[in-house]
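Chemist: Got a structure for you, model-v6.txt, holding compact mmCIF, C-alpha atoms and all ligand atoms.
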# COMPACT_ATOMS: atom_id res chain seq x y z
CA MET F 1 -12.72 16.25 24.29
CA ARG F 2 -15.47 15.84 21.72
CA THR F 3 -15.27 15.38 17.96
CA GLN F 4 -17.44 13.96 15.19
CA VAL F 5 -15.00 11.33 13.85
CA ALA F 6 -12.09 9.93 15.87
CA ILE F 7 -9.47 8.54 13.49
CA ILE F 8 -6.93 6.02 14.79
CA GLY F 9 -3.63 6.11 12.84
CA ALA F 10 -1.84 8.86 10.88
CA GLY F 11 -0.66 6.78 7.94
CA PRO F 12 -1.97 7.60 4.45
CA SER F 13 -5.49 6.23 5.24
CA GLY F 14 -6.01 8.25 8.42
CA LEU F 15 -4.48 11.47 7.08
CA LEU F 16 -6.41 11.26 3.80
CA LEU F 17 -9.71 10.58 5.57
CA GLY F 18 -9.05 13.46 7.96
CA GLN F 19 -8.32 15.81 5.07
CA LEU F 20 -11.47 14.86 3.11
CA LEU F 21 -13.67 15.25 6.21
CA THR F 22 -12.11 18.58 7.20
CA ARG F 23 -12.76 19.93 3.71
CA HIS F 24 -16.44 19.04 4.17
CA GLY F 25 -16.63 20.72 7.57
CA ILE F 26 -16.67 17.46 9.54
CA ASP F 27 -14.68 17.75 12.76
CA ASN F 28 -12.10 15.00 13.36
CA ILE F 29 -9.16 14.16 15.60
CA ILE F 30 -6.34 11.80 14.55
CA LEU F 31 -4.51 9.73 17.17
CA GLU F 32 -1.13 8.27 16.16
CA ASN F 33 1.01 6.22 18.51
CA ARG F 34 4.33 7.08 16.80
CA SER F 35 6.04 10.44 16.25
CA ALA F 36 5.58 12.39 13.00
CA ASP F 37 9.27 11.82 12.15
CA TYR F 38 8.91 8.07 12.59
CA VAL F 39 5.87 8.00 10.29
CA LEU F 40 7.80 9.97 7.66
CA GLY F 41 10.83 7.69 7.95
CA ARG F 42 8.99 4.59 6.70
CA ILE F 43 9.83 3.88 3.07
CA ARG F 44 6.93 2.12 1.43
CA ALA F 45 4.83 2.43 -1.70
CA GLY F 46 5.90 4.07 -4.91
CA VAL F 47 3.16 3.58 -7.50
CA ILE F 48 -0.10 5.56 -7.53
CA GLU F 49 -3.14 4.80 -9.67
CA GLN F 50 -4.88 7.68 -11.48
CA SER F 51 -8.04 7.20 -9.42
CA ALA F 52 -6.05 7.35 -6.17
CA ALA F 53 -4.35 10.49 -7.53
CA ASP F 54 -7.82 11.96 -8.12
CA VAL F 55 -8.71 11.32 -4.45
CA PHE F 56 -5.49 13.08 -3.39
CA ASP F 57 -6.52 16.02 -5.62
CA GLU F 58 -9.98 16.04 -4.06
CA ALA F 59 -8.33 16.20 -0.64
CA GLY F 60 -6.35 19.22 -1.85
CA VAL F 61 -2.95 17.54 -1.61
CA GLY F 62 -2.26 16.53 -5.22
CA ALA F 63 -0.32 19.56 -6.49
CA ARG F 64 3.25 18.40 -5.75
CA MET F 65 2.43 14.82 -6.86
CA ARG F 66 1.15 16.18 -10.21
CA LYS F 67 4.29 18.31 -10.60
CA GLU F 68 7.04 15.98 -9.36
CA GLY F 69 5.49 12.53 -9.87
CA LEU F 70 6.78 10.55 -12.85
CA LEU F 71 4.16 9.36 -15.36
CA HIS F 72 4.83 5.76 -16.38
CA ASP F 73 3.11 4.62 -19.57
CA GLY F 74 4.18 1.01 -19.15
CA THR F 75 6.27 -1.49 -17.23
CA GLN F 76 8.77 -4.21 -18.09
CA ILE F 77 8.60 -7.90 -17.28
CA CYS F 78 11.92 -9.77 -17.46
CA PHE F 79 12.43 -13.53 -17.54
CA ASP F 80 14.94 -15.86 -19.22
CA GLY F 81 17.18 -12.79 -19.42
CA ARG F 82 14.83 -10.94 -21.79
CA ARG F 83 12.61 -7.92 -21.16
CA HIS F 84 9.05 -7.48 -22.43
CA ARG F 85 7.05 -4.27 -22.23
CA ILE F 86 3.43 -3.97 -21.05
CA ASP F 87 2.05 -0.76 -22.54
CA PHE F 88 -0.45 0.64 -20.02
CA ARG F 89 -1.48 3.62 -22.11
CA ALA F 90 -2.17 1.56 -25.24
CA LEU F 91 -3.86 -1.31 -23.40
CA ALA F 92 -5.67 0.39 -20.53
CA GLY F 93 -5.80 4.01 -21.64
CA LYS F 94 -3.85 5.54 -18.76
CA PRO F 95 -0.46 5.67 -17.06
CA VAL F 96 0.41 5.30 -13.36
CA ILE F 97 2.25 7.90 -11.29
CA VAL F 98 5.53 7.03 -9.57
CA TYR F 99 5.62 9.18 -6.41
CA GLY F 100 6.69 7.95 -2.99
CA GLN F 101 4.29 7.25 -0.14
CA THR F 102 6.67 9.28 2.03
CA GLU F 103 6.01 12.35 -0.15
CA ILE F 104 2.22 11.85 -0.12
CA THR F 105 2.37 11.48 3.66
CA ARG F 106 4.41 14.70 3.93
CA ASP F 107 1.90 16.54 1.68
CA LEU F 108 -1.01 15.26 3.80
CA MET F 109 0.72 16.23 7.06
CA GLU F 110 1.40 19.75 5.79
CA ALA F 111 -2.19 20.20 4.59
CA ARG F 112 -3.49 19.01 7.95
CA ALA F 113 -1.22 21.36 9.87
CA ALA F 114 -2.42 24.24 7.66
CA SER F 115 -6.08 23.34 8.27
CA GLY F 116 -5.59 23.54 12.03
CA ALA F 117 -7.19 20.11 12.61
CA THR F 118 -5.87 18.17 15.62
CA THR F 119 -3.41 15.30 15.28
CA VAL F 120 -2.09 13.81 18.50
CA TYR F 121 1.25 12.07 17.88
CA GLU F 122 2.69 9.69 20.48
CA ALA F 123 -0.84 8.93 21.73
CA LEU F 124 -0.27 5.66 23.58
CA ASP F 125 -2.52 2.71 24.49
CA ALA F 126 -5.55 3.86 22.50
CA SER F 127 -8.64 1.83 23.46
CA LEU F 128 -12.04 1.95 21.77
CA HIS F 129 -15.27 1.88 23.79
CA ASP F 130 -19.05 1.88 23.35
CA PHE F 131 -19.04 1.87 19.54
CA SER F 132 -22.23 -0.20 19.58
CA GLY F 133 -24.06 2.69 21.26
CA ASP F 134 -24.47 6.22 19.90
CA LYS F 135 -21.65 7.75 21.99
CA PRO F 136 -18.42 5.93 21.16
CA ARG F 137 -15.32 6.92 23.13
CA VAL F 138 -11.61 6.56 22.60
CA ARG F 139 -9.18 6.64 25.52
CA TYR F 140 -5.43 7.15 25.27
CA ARG F 141 -2.41 8.25 27.26
CA LYS F 142 0.07 10.97 26.41
CA ASN F 143 2.94 12.25 28.57
CA ASP F 144 1.67 10.06 31.42
CA GLN F 145 -1.77 11.69 31.38
CA ASP F 146 -5.04 9.95 30.46
CA PHE F 147 -7.41 11.44 27.88
CA GLU F 148 -10.85 10.56 26.53
CA ILE F 149 -12.49 11.60 23.27
CA GLU F 150 -16.25 11.32 22.78
CA CYS F 151 -17.31 10.99 19.14
CA ASP F 152 -20.03 9.87 16.70
CA PHE F 153 -17.86 7.41 14.75
CA ILE F 154 -14.43 5.76 15.03
CA ALA F 155 -12.38 5.16 11.88
CA GLY F 156 -9.75 2.45 12.38
CA CYS F 157 -6.91 3.47 10.05
CA ASP F 158 -4.17 2.01 12.24
CA GLY F 159 -2.59 -0.53 9.93
CA PHE F 160 -2.26 -4.29 10.20
CA HIS F 161 -1.00 -4.33 13.81
CA GLY F 162 -3.39 -1.65 15.08
CA VAL F 163 -5.93 -1.84 17.87
CA SER F 164 -9.10 -1.19 15.81
CA ARG F 165 -9.55 -4.57 14.12
CA GLN F 166 -8.68 -6.27 17.42
CA SER F 167 -11.48 -4.31 19.10
CA PHE F 168 -14.21 -6.02 17.06
CA PRO F 169 -16.12 -8.38 19.37
CA ALA F 170 -15.14 -12.04 19.03
CA GLY F 171 -17.15 -13.65 16.25
CA ALA F 172 -18.01 -10.29 14.60
CA ILE F 173 -15.13 -10.44 12.11
CA ARG F 174 -13.69 -13.14 9.88
CA ASN F 175 -10.08 -13.21 8.65
CA PHE F 176 -8.87 -14.63 5.33
CA GLU F 177 -5.11 -15.01 5.06
CA ARG F 178 -2.20 -16.37 3.06
CA VAL F 179 1.38 -15.95 4.22
CA TYR F 180 4.10 -16.36 1.58
CA PRO F 181 7.31 -18.25 2.44
CA PHE F 182 9.68 -15.38 1.43
CA GLY F 183 10.22 -11.67 1.97
CA TRP F 184 11.34 -8.54 0.12
CA LEU F 185 14.61 -6.84 0.93
CA GLY F 186 14.38 -3.19 -0.19
CA LEU F 187 17.23 -0.75 -0.78
CA LEU F 188 16.97 2.99 -1.44
CA SER F 189 19.94 4.84 -2.95
CA ASP F 190 20.73 8.21 -4.47
CA THR F 191 21.69 6.69 -7.82
CA PRO F 192 19.95 7.14 -11.18
CA PRO F 193 17.39 4.37 -11.90
CA VAL F 194 18.62 1.59 -14.18
CA SER F 195 15.62 2.02 -16.51
CA GLU F 196 12.98 4.64 -17.29
CA GLU F 197 10.28 2.12 -16.38
CA LEU F 198 9.95 -0.35 -13.50
CA ILE F 199 11.38 -3.80 -14.24
CA TYR F 200 9.72 -6.82 -12.60
CA ILE F 201 12.16 -9.74 -12.82
CA HIS F 202 11.47 -13.46 -12.57
CA HIS F 203 14.79 -15.27 -12.06
CA GLU F 204 15.82 -18.72 -10.88
CA ARG F 205 17.63 -17.06 -7.93
CA GLY F 206 14.43 -15.24 -6.98
CA PHE F 207 12.33 -12.20 -7.88
CA ALA F 208 13.79 -8.71 -8.19
CA LEU F 209 12.23 -5.30 -8.84
CA CYS F 210 13.88 -2.14 -10.14
CA SER F 211 11.86 0.89 -9.11
CA MET F 212 12.55 4.54 -8.41
CA ARG F 213 11.48 7.65 -6.57
CA SER F 214 12.91 10.24 -9.00
CA HIS F 215 15.46 10.56 -11.80
CA THR F 216 18.20 10.52 -9.17
CA ARG F 217 16.81 8.15 -6.52
CA SER F 218 16.36 4.40 -7.05
CA ARG F 219 14.44 1.78 -5.13
CA TYR F 220 15.37 -1.87 -5.64
CA TYR F 221 13.94 -5.03 -4.12
CA LEU F 222 15.20 -8.63 -3.91
CA GLN F 223 13.19 -11.68 -2.93
CA CYS F 224 14.93 -12.96 0.21
CA SER F 225 14.57 -15.64 2.83
CA LEU F 226 12.37 -14.93 5.85
CA ALA F 227 15.32 -16.04 7.97
CA ASP F 228 17.46 -13.15 6.61
CA GLY F 229 18.04 -9.96 8.59
CA VAL F 230 19.09 -6.61 7.12
CA GLU F 231 22.48 -7.12 8.83
CA ASP F 232 23.05 -10.17 6.57
CA TRP F 233 22.94 -7.91 3.53
CA SER F 234 25.82 -5.49 3.08
CA ASP F 235 25.36 -3.01 0.23
CA ASP F 236 27.96 -4.96 -1.78
CA ARG F 237 26.11 -8.24 -1.32
CA PHE F 238 22.83 -6.57 -2.35
CA TRP F 239 24.27 -5.08 -5.57
CA GLU F 240 26.04 -8.33 -6.50
CA GLU F 241 22.84 -10.32 -6.06
CA LEU F 242 20.76 -7.76 -7.98
CA LYS F 243 23.26 -7.86 -10.89
CA ARG F 244 22.91 -11.64 -11.10
CA ARG F 245 19.13 -11.30 -11.54
CA LEU F 246 19.24 -8.49 -14.15
CA ASP F 247 19.35 -8.87 -17.95
CA ASP F 248 22.69 -8.06 -19.67
CA GLU F 249 21.72 -4.52 -20.69
CA ALA F 250 20.46 -3.56 -17.23
CA ARG F 251 23.50 -5.18 -15.58
CA ALA F 252 25.80 -3.06 -17.72
CA LYS F 253 23.82 0.11 -16.97
CA LEU F 254 23.29 -0.35 -13.23
CA VAL F 255 24.78 2.43 -11.11
CA THR F 256 25.44 1.27 -7.56
CA GLY F 257 26.05 3.42 -4.49
CA ARG F 258 25.64 3.68 -0.74
CA SER F 259 22.22 2.67 0.56
CA ILE F 260 20.23 5.32 2.41
CA GLU F 261 17.67 2.81 3.67
CA LYS F 262 17.40 -0.96 3.75
CA SER F 263 14.53 -3.00 5.14
CA ILE F 264 12.91 -6.43 4.93
CA ALA F 265 9.15 -6.90 4.59
CA PRO F 266 7.27 -10.21 4.82
CA LEU F 267 4.66 -10.92 2.12
CA ARG F 268 1.07 -11.56 3.11
CA SER F 269 -2.44 -11.56 1.65
CA PHE F 270 -5.08 -10.75 4.26
CA VAL F 271 -8.69 -9.56 4.32
CA ALA F 272 -10.96 -9.01 7.33
CA GLU F 273 -14.73 -9.03 6.79
CA PRO F 274 -16.86 -7.02 7.41
CA LEU F 275 -15.23 -3.58 7.62
CA ARG F 276 -17.82 -2.23 10.05
CA HIS F 277 -19.17 -2.99 13.47
CA ASP F 278 -21.89 -0.47 14.37
CA ARG F 279 -20.01 2.87 14.68
CA LEU F 280 -16.51 1.46 14.15
CA PHE F 281 -15.12 1.30 10.59
CA LEU F 282 -11.87 -0.16 9.24
CA ALA F 283 -9.93 1.25 6.26
CA GLY F 284 -6.56 0.56 4.62
CA ASP F 285 -4.03 -1.90 6.05
CA ALA F 286 -6.14 -2.22 9.23
CA ALA F 287 -8.59 -4.22 7.10
CA HIS F 288 -6.41 -5.85 4.46
CA ILE F 289 -2.86 -6.54 3.33
CA VAL F 290 -1.66 -7.29 -0.18
CA PRO F 291 1.81 -8.51 -1.11
CA PRO F 292 3.58 -5.47 -2.65
CA THR F 293 4.08 -7.09 -6.08
CA GLY F 294 0.93 -5.52 -7.55
CA ALA F 295 1.62 -2.08 -5.97
CA LYS F 296 -1.92 -1.99 -4.58
CA GLY F 297 -1.68 -1.35 -0.79
CA LEU F 298 -1.66 2.44 -0.81
CA ASN F 299 -4.11 2.52 -3.71
CA LEU F 300 -6.61 0.36 -1.81
CA ALA F 301 -6.23 2.66 1.20
CA ALA F 302 -7.28 5.53 -1.10
CA SER F 303 -10.35 3.69 -2.48
CA ASP F 304 -11.49 2.58 1.03
CA VAL F 305 -11.16 6.15 2.27
CA HIS F 306 -13.03 7.47 -0.77
CA TYR F 307 -16.02 5.19 -0.04
CA LEU F 308 -15.92 5.81 3.72
CA SER F 309 -15.66 9.59 3.38
CA GLU F 310 -18.62 9.56 0.96
CA GLY F 311 -20.68 7.67 3.55
CA LEU F 312 -19.73 10.03 6.37
CA ILE F 313 -20.32 13.16 4.27
CA GLU F 314 -23.77 11.86 3.24
CA PHE F 315 -24.56 11.12 6.89
CA TYR F 316 -23.68 14.62 8.09
CA ARG F 317 -25.14 16.46 5.06
CA LYS F 318 -28.40 14.59 4.60
CA GLY F 319 -28.76 12.57 7.79
CA SER F 320 -28.75 9.43 5.64
CA PRO F 321 -26.85 6.30 6.80
CA ALA F 322 -27.17 4.71 3.32
CA GLY F 323 -23.54 5.28 2.28
CA LEU F 324 -22.21 4.04 5.62
CA ASP F 325 -24.44 0.98 5.35
CA ARG F 326 -23.00 0.18 1.92
CA TYR F 327 -19.38 0.95 2.83
CA SER F 328 -18.19 -2.54 3.75
CA GLU F 329 -19.72 -4.25 0.73
CA ARG F 330 -18.53 -1.59 -1.74
CA ALA F 331 -14.99 -1.49 -0.42
CA LEU F 332 -14.66 -5.28 -0.16
CA ALA F 333 -15.68 -5.80 -3.79
CA ARG F 334 -12.70 -3.73 -4.93
CA ILE F 335 -10.38 -5.10 -2.21
CA TRP F 336 -10.88 -8.71 -3.32
CA LYS F 337 -10.09 -7.83 -6.95
CA ALA F 338 -6.83 -6.19 -5.84
CA GLU F 339 -6.12 -9.21 -3.63
CA ARG F 340 -6.56 -11.48 -6.64
CA PHE F 341 -4.29 -9.37 -8.83
CA SER F 342 -1.57 -9.07 -6.14
CA TRP F 343 -1.65 -12.83 -5.49
CA TRP F 344 -1.44 -13.44 -9.26
CA MET F 345 1.55 -11.08 -9.75
CA THR F 346 3.26 -12.64 -6.72
CA THR F 347 2.87 -16.25 -7.85
CA LEU F 348 3.73 -15.34 -11.44
CA LEU F 349 7.04 -13.68 -10.61
CA HIS F 350 8.57 -15.19 -7.46
CA LYS F 351 10.62 -18.29 -6.97
CA LEU F 352 8.12 -20.44 -5.08
CA PRO F 353 10.02 -22.72 -2.67
CA ASP F 354 7.32 -25.41 -2.56
CA ALA F 355 6.74 -25.56 -6.34
CA SER F 356 6.89 -28.92 -8.11
CA ASP F 357 8.41 -29.31 -11.59
CA PHE F 358 4.85 -29.17 -12.92
CA ASP F 359 4.17 -25.90 -11.07
CA ARG F 360 7.38 -24.38 -12.49
CA LYS F 361 6.40 -25.37 -16.04
CA LEU F 362 2.99 -23.76 -15.56
CA GLN F 363 4.56 -20.60 -14.14
CA HIS F 364 6.85 -20.31 -17.15
CA THR F 365 3.94 -20.94 -19.50
CA GLU F 366 1.94 -18.21 -17.76
CA LEU F 367 4.84 -15.77 -18.34
CA GLU F 368 5.12 -16.83 -22.00
CA TYR F 369 1.37 -16.41 -22.43
CA LEU F 370 1.43 -12.96 -20.84
CA VAL F 371 4.12 -11.59 -23.12
CA SER F 372 2.65 -13.16 -26.26
CA SER F 373 -1.07 -12.42 -25.81
CA GLU F 374 -2.57 -8.96 -26.11
CA ALA F 375 -5.63 -10.17 -24.19
CA ALA F 376 -3.46 -11.29 -21.25
CA GLN F 377 -1.50 -8.03 -21.30
CA LYS F 378 -4.71 -6.04 -21.38
CA SER F 379 -5.95 -7.84 -18.28
CA MET F 380 -2.68 -7.11 -16.46
CA ALA F 381 -2.64 -3.47 -17.59
CA GLU F 382 -6.27 -2.89 -16.58
CA ASN F 383 -5.56 -4.17 -13.07
CA TYR F 384 -2.17 -2.48 -12.67
CA VAL F 385 -3.46 1.00 -13.57
CA GLY F 386 -6.41 0.38 -11.23
CA LEU F 387 -9.95 -0.92 -11.60
CA PRO F 388 -12.74 1.70 -11.50
CA TYR F 389 -14.18 2.86 -8.16
P1 LIG F 401 -0.13 2.39 7.68
O1 LIG F 401 0.71 3.11 6.71
O2 LIG F 401 0.41 1.17 8.32
O3 LIG F 401 -0.53 3.44 8.82
C1 LIG F 401 -1.15 3.05 10.03
C2 LIG F 401 -0.77 4.05 11.11
O4 LIG F 401 -1.41 3.70 12.34
C3 LIG F 401 -0.47 3.81 13.40
N1 LIG F 401 -0.92 2.95 14.50
C4 LIG F 401 -1.56 3.42 15.60
N2 LIG F 401 -1.91 4.66 15.95
C5 LIG F 401 -2.55 4.81 17.14
N3 LIG F 401 -2.83 3.77 17.99
C6 LIG F 401 -2.50 2.51 17.66
N4 LIG F 401 -2.79 1.49 18.46
C7 LIG F 401 -1.83 2.28 16.41
N5 LIG F 401 -1.37 1.19 15.76
C8 LIG F 401 -0.82 1.61 14.62
C9 LIG F 401 0.86 3.39 12.76
O5 LIG F 401 1.97 3.88 13.48
C10 LIG F 401 0.73 4.02 11.38
O6 LIG F 401 1.25 5.33 11.34
O7 LIG F 401 -1.55 1.99 7.07
P2 LIG F 401 -2.46 2.80 6.01
O8 LIG F 401 -2.57 4.26 6.41
O9 LIG F 401 -3.69 2.00 5.86
O10 LIG F 401 -1.63 2.81 4.65
C11 LIG F 401 -1.37 1.60 3.98
C12 LIG F 401 -0.06 1.69 3.21
O11 LIG F 401 0.94 2.19 4.07
C13 LIG F 401 0.37 0.34 2.63
O12 LIG F 401 -0.74 -0.34 2.11
C14 LIG F 401 1.42 0.49 1.49
O13 LIG F 401 2.61 1.02 1.97
C15 LIG F 401 1.70 -0.87 0.85
N6 LIG F 401 2.76 -0.84 -0.17
C16 LIG F 401 2.51 -0.38 -1.45
N7 LIG F 401 1.29 0.09 -1.76
C17 LIG F 401 1.05 0.60 -3.02
O14 LIG F 401 -0.09 1.03 -3.29
N8 LIG F 401 2.04 0.67 -4.00
C18 LIG F 401 3.29 0.22 -3.73
O15 LIG F 401 4.16 0.36 -4.61
C19 LIG F 401 3.57 -0.37 -2.44
N9 LIG F 401 4.78 -0.81 -2.15
C20 LIG F 401 4.05 -1.29 0.15
C21 LIG F 401 5.05 -1.27 -0.88
C22 LIG F 401 4.38 -1.73 1.42
C23 LIG F 401 5.65 -2.17 1.70
N10 LIG F 401 5.91 -2.60 3.04
C24 LIG F 401 7.03 -2.18 3.80
C25 LIG F 401 4.89 -3.31 3.77
C26 LIG F 401 6.33 -1.69 -0.63
C27 LIG F 401 6.63 -2.17 0.65
C28 LIG F 401 8.04 -2.68 0.86
C1 LIG F 402 8.22 0.79 -4.93
O1 LIG F 402 8.73 1.63 -5.71
O2 LIG F 402 8.45 0.82 -3.71
C2 LIG F 402 7.37 -0.29 -5.47
C3 LIG F 402 6.99 -0.25 -6.80
C4 LIG F 402 6.20 -1.26 -7.32
C5 LIG F 402 5.80 -2.30 -6.51
C6 LIG F 402 6.16 -2.34 -5.17
C7 LIG F 402 6.96 -1.33 -4.65
O3 LIG F 402 5.05 -3.30 -7.05
Render the structure in this file as structure tokens.
Modeler:
Amino acid sequence: MRTQVAIIGAGPSGLLLGQLLTRHGIDNIILENRSADYVLGRIRAGVIEQSAADVFDEAGVGARMRKEGLLHDGTQICFDGRRHRIDFRALAGKPVIVYGQTEITRDLMEARAASGATTVYEALDASLHDFSGDKPRVRYRKNDQDFEIECDFIAGCDGFHGVSRQSFPAGAIRNFERVYPFGWLGLLSDTPPVSEELIYIHHERGFALCSMRSHTRSRYYLQCSLADGVEDWSDDRFWEELKRRLDDEARAKLVTGRSIEKSIAPLRSFVAEPLRHDRLFLAGDAAHIVPPTGAKGLNLAASDVHYLSEGLIEFYRKGSPAGLDRYSERALARIWKAERFSWWMTTLLHKLPDASDFDRKLQHTELEYLVSSEAAQKSMAENYVGLPY
């Protein structure tokens, strides 16, 4: 088989890149090691920046998001049992869109199927070869048969545990990492959200987040121990613990119900540099991880893919490698700002197990400063709605 761009991974990064390239007449094949149903079953991000939404529009997949997505003009920060509102529209001039990653992924999959471009699901043992020459190849196995794709470029969009970053030669990539000593336990339920806006809660028992997918579907998170398993958390235990962390009004309003999904995610900050080795490029979670507190992971995937698709389109249209040469530097500048913001939101809002009394006083003062200073709120709003591309 031969294609122009071989894309590894059919998460949001890979599907979005494939869609943008296809629309510009650039041939591409996506290899995904899981099934389409498995990919659609993962419950992840919920908040989309306007600029990421614009990239989804450009890829021709924004219509349902624009129709069904919920526009949020602000968010709520709760501590000491009181809620404070950060007004995104007033402070940063735009709202965010609440629309599930699952839905975006579904929209991308449908658009790809309609375009006729090839996606190989359950493509096992992908291995990347010769990307330092001008004829890179990708090998994989499907239904016990071996296949090889010859291509011009390989885009590694295969997430944190994928093969692409691991294929960089030793010494050609540097990792920067912080692992947090707690996790997030998420619960999805067909119950009306407790509030019209997301509530980020700092509480002495740990962080909590009230989010949503629609007016009838809620998504809640609790800071939990890394030693916990989902089996330790019955629905009843989850709701009881969430109630303890809510303010009085939210506690009284909370509608509980059967969970339709529950999962635990560890929290990590991670960046690999650079994002390119010759004809192999990394984008999305393959290159970086943010803790979910800032809602930046999916949004960074969209900005990486925007820069990378621009470079590839320029290469095929004009024969110029300039955009590809600038890709790593451009993408990393935005990635590090999102890393900073996600780290800041995480340390501001969680119960930090190793904190001293001094650290806890500073954390409380930071919260007080945020809710009392327009300048501080403006900085948070500007980052939350998304820094410019
Ligand atoms: P993904 O989604 O991990 O997709 C990678 C794909 O590659 C496949 N793969 C392989 N395929 C072929 N061969 C191999 N060897 C392969 N190895 C892996 C995988 O099966 C998968 O299908 O990465 P991508 O596309 O870069 O997208 C990144 C986003 O999924 C991620 O950043 C967000 O979900 C992060 N995130 C959030 N981001 C936001 O912008 N806003 C949010 O509100 C938000 N909330 C969250 C989140 C992530 C969470 N978890 C579970 C980590 C909330 C949570 C709880
Ligand atoms: C979500 O709805 O899943 C969500 C929202 C905001 C975050 C993280 C996750 O910061």
Chemist: Contacts of F:Trp184 at 8 Å or less, counting all atoms listed in the file, minus same-chain residues fewer than 2 places along, as a ChimeraX atom specification?
Modeler: /F:182,186,221-224,264-267
Chemist: So that I can see what lies close to stretch 75-91 of chain F, please list as a PDB file with C-alpha atoms, keeping the file's coordinate frame the residues with an atom at most 8 Å from it, counting all atoms listed in the file and leaving out residues fewer than 3 positions away in the same chain.
Modeler:
ATOM      1  CA  HIS F  72       4.830   5.760 -16.380  1.00  0.00           C
ATOM      2  CA  LYS F  94      -3.850   5.540 -18.760  1.00  0.00           C
ATOM      3  CA  PRO F  95      -0.460   5.670 -17.060  1.00  0.00           C
ATOM      4  CA  GLU F 197      10.280   2.120 -16.380  1.00  0.00           C
ATOM      5  CA  LEU F 198       9.950  -0.350 -13.500  1.00  0.00           C
ATOM      6  CA  ILE F 199      11.380  -3.800 -14.240  1.00  0.00           C
ATOM      7  CA  TYR F 200       9.720  -6.820 -12.600  1.00  0.00           C
ATOM      8  CA  ILE F 201      12.160  -9.740 -12.820  1.00  0.00           C
ATOM      9  CA  HIS F 202      11.470 -13.460 -12.570  1.00  0.00           C
ATOM     10  CA  HIS F 203      14.790 -15.270 -12.060  1.00  0.00           C
ATOM     11  CA  LEU F 246      19.240  -8.490 -14.150  1.00  0.00           C
ATOM     12  CA  ASP F 247      19.350  -8.870 -17.950  1.00  0.00           C
ATOM     13  CA  ASP F 248      22.690  -8.060 -19.670  1.00  0.00           C
ATOM     14  CA  LEU F 367       4.840 -15.770 -18.340  1.00  0.00           C
ATOM     15  CA  VAL F 371       4.120 -11.590 -23.120  1.00  0.00           C
ATOM     16  CA  GLN F 377      -1.500  -8.030 -21.300  1.00  0.00           C
ATOM     17  CA  LYS F 378      -4.710  -6.040 -21.380  1.00  0.00           C
ATOM     18  CA  ALA F 381      -2.640  -3.470 -17.590  1.00  0.00           C
ATOM     19  CA  GLU F 382      -6.270  -2.890 -16.580  1.00  0.00           C
ATOM     20  CA  VAL F 385      -3.460   1.000 -13.570  1.00  0.00           C
TER      21      VAL F 385
END
Chemist: Restricting the calculation to only C-alpha atoms: of F:Ala117, F:Ala126, F:Val290, F:Ala111, which residue gets closest to F:Val179?
Modeler: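 Among F:Ala117, F:Ala126, F:Val290, F:Ala111, it is F:Val290 that comes nearest to F:Val179.
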Chemist: Ligand LIG 401 (chain F): which residues are within 7 Å, counting all atoms listed in the file? Reply as an MDAnalysis selection string.
Modeler: chainID F and resid 8:14 31:34 39 43:48 101 123:126 157:163 184 186 265 283:286 289 292 295:301
Chemist: Just write the chosen residues, C-alpha atoms, as a short mmCIF file (atom, residue, chain, number, x, y, z; two decimals), in the frame of the given file.
Modeler:
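What follows is the written file again39.cif:
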data_model
loop_
_atom_site.label_atom_id
_atom_site.label_comp_id
_atom_site.auth_asym_id
_atom_site.auth_seq_id
_atom_site.Cartn_x
_atom_site.Cartn_y
_atom_site.Cartn_z
CA ILE F 8 -6.93 6.02 14.79
CA GLY F 9 -3.63 6.11 12.84
CA ALA F 10 -1.84 8.86 10.88
CA GLY F 11 -0.66 6.78 7.94
CA PRO F 12 -1.97 7.60 4.45
CA SER F 13 -5.49 6.23 5.24
CA GLY F 14 -6.01 8.25 8.42
CA LEU F 31 -4.51 9.73 17.17
CA GLU F 32 -1.13 8.27 16.16
CA ASN F 33 1.01 6.22 18.51
CA ARG F 34 4.33 7.08 16.80
CA VAL F 39 5.87 8.00 10.29
CA ILE F 43 9.83 3.88 3.07
CA ARG F 44 6.93 2.12 1.43
CA ALA F 45 4.83 2.43 -1.70
CA GLY F 46 5.90 4.07 -4.91
CA VAL F 47 3.16 3.58 -7.50
CA ILE F 48 -0.10 5.56 -7.53
CA GLN F 101 4.29 7.25 -0.14
CA ALA F 123 -0.84 8.93 21.73
CA LEU F 124 -0.27 5.66 23.58
CA ASP F 125 -2.52 2.71 24.49
CA ALA F 126 -5.55 3.86 22.50
CA CYS F 157 -6.91 3.47 10.05
CA ASP F 158 -4.17 2.01 12.24
CA GLY F 159 -2.59 -0.53 9.93
CA PHE F 160 -2.26 -4.29 10.20
CA HIS F 161 -1.00 -4.33 13.81
CA GLY F 162 -3.39 -1.65 15.08
CA VAL F 163 -5.93 -1.84 17.87
CA TRP F 184 11.34 -8.54 0.12
CA GLY F 186 14.38 -3.19 -0.19
CA ALA F 265 9.15 -6.90 4.59
CA ALA F 283 -9.93 1.25 6.26
CA GLY F 284 -6.56 0.56 4.62
CA ASP F 285 -4.03 -1.90 6.05
CA ALA F 286 -6.14 -2.22 9.23
CA ILE F 289 -2.86 -6.54 3.33
CA PRO F 292 3.58 -5.47 -2.65
CA ALA F 295 1.62 -2.08 -5.97
CA LYS F 296 -1.92 -1.99 -4.58
CA GLY F 297 -1.68 -1.35 -0.79
CA LEU F 298 -1.66 2.44 -0.81
CA ASN F 299 -4.11 2.52 -3.71
CA LEU F 300 -6.61 0.36 -1.81
CA ALA F 301 -6.23 2.66 1.20
#
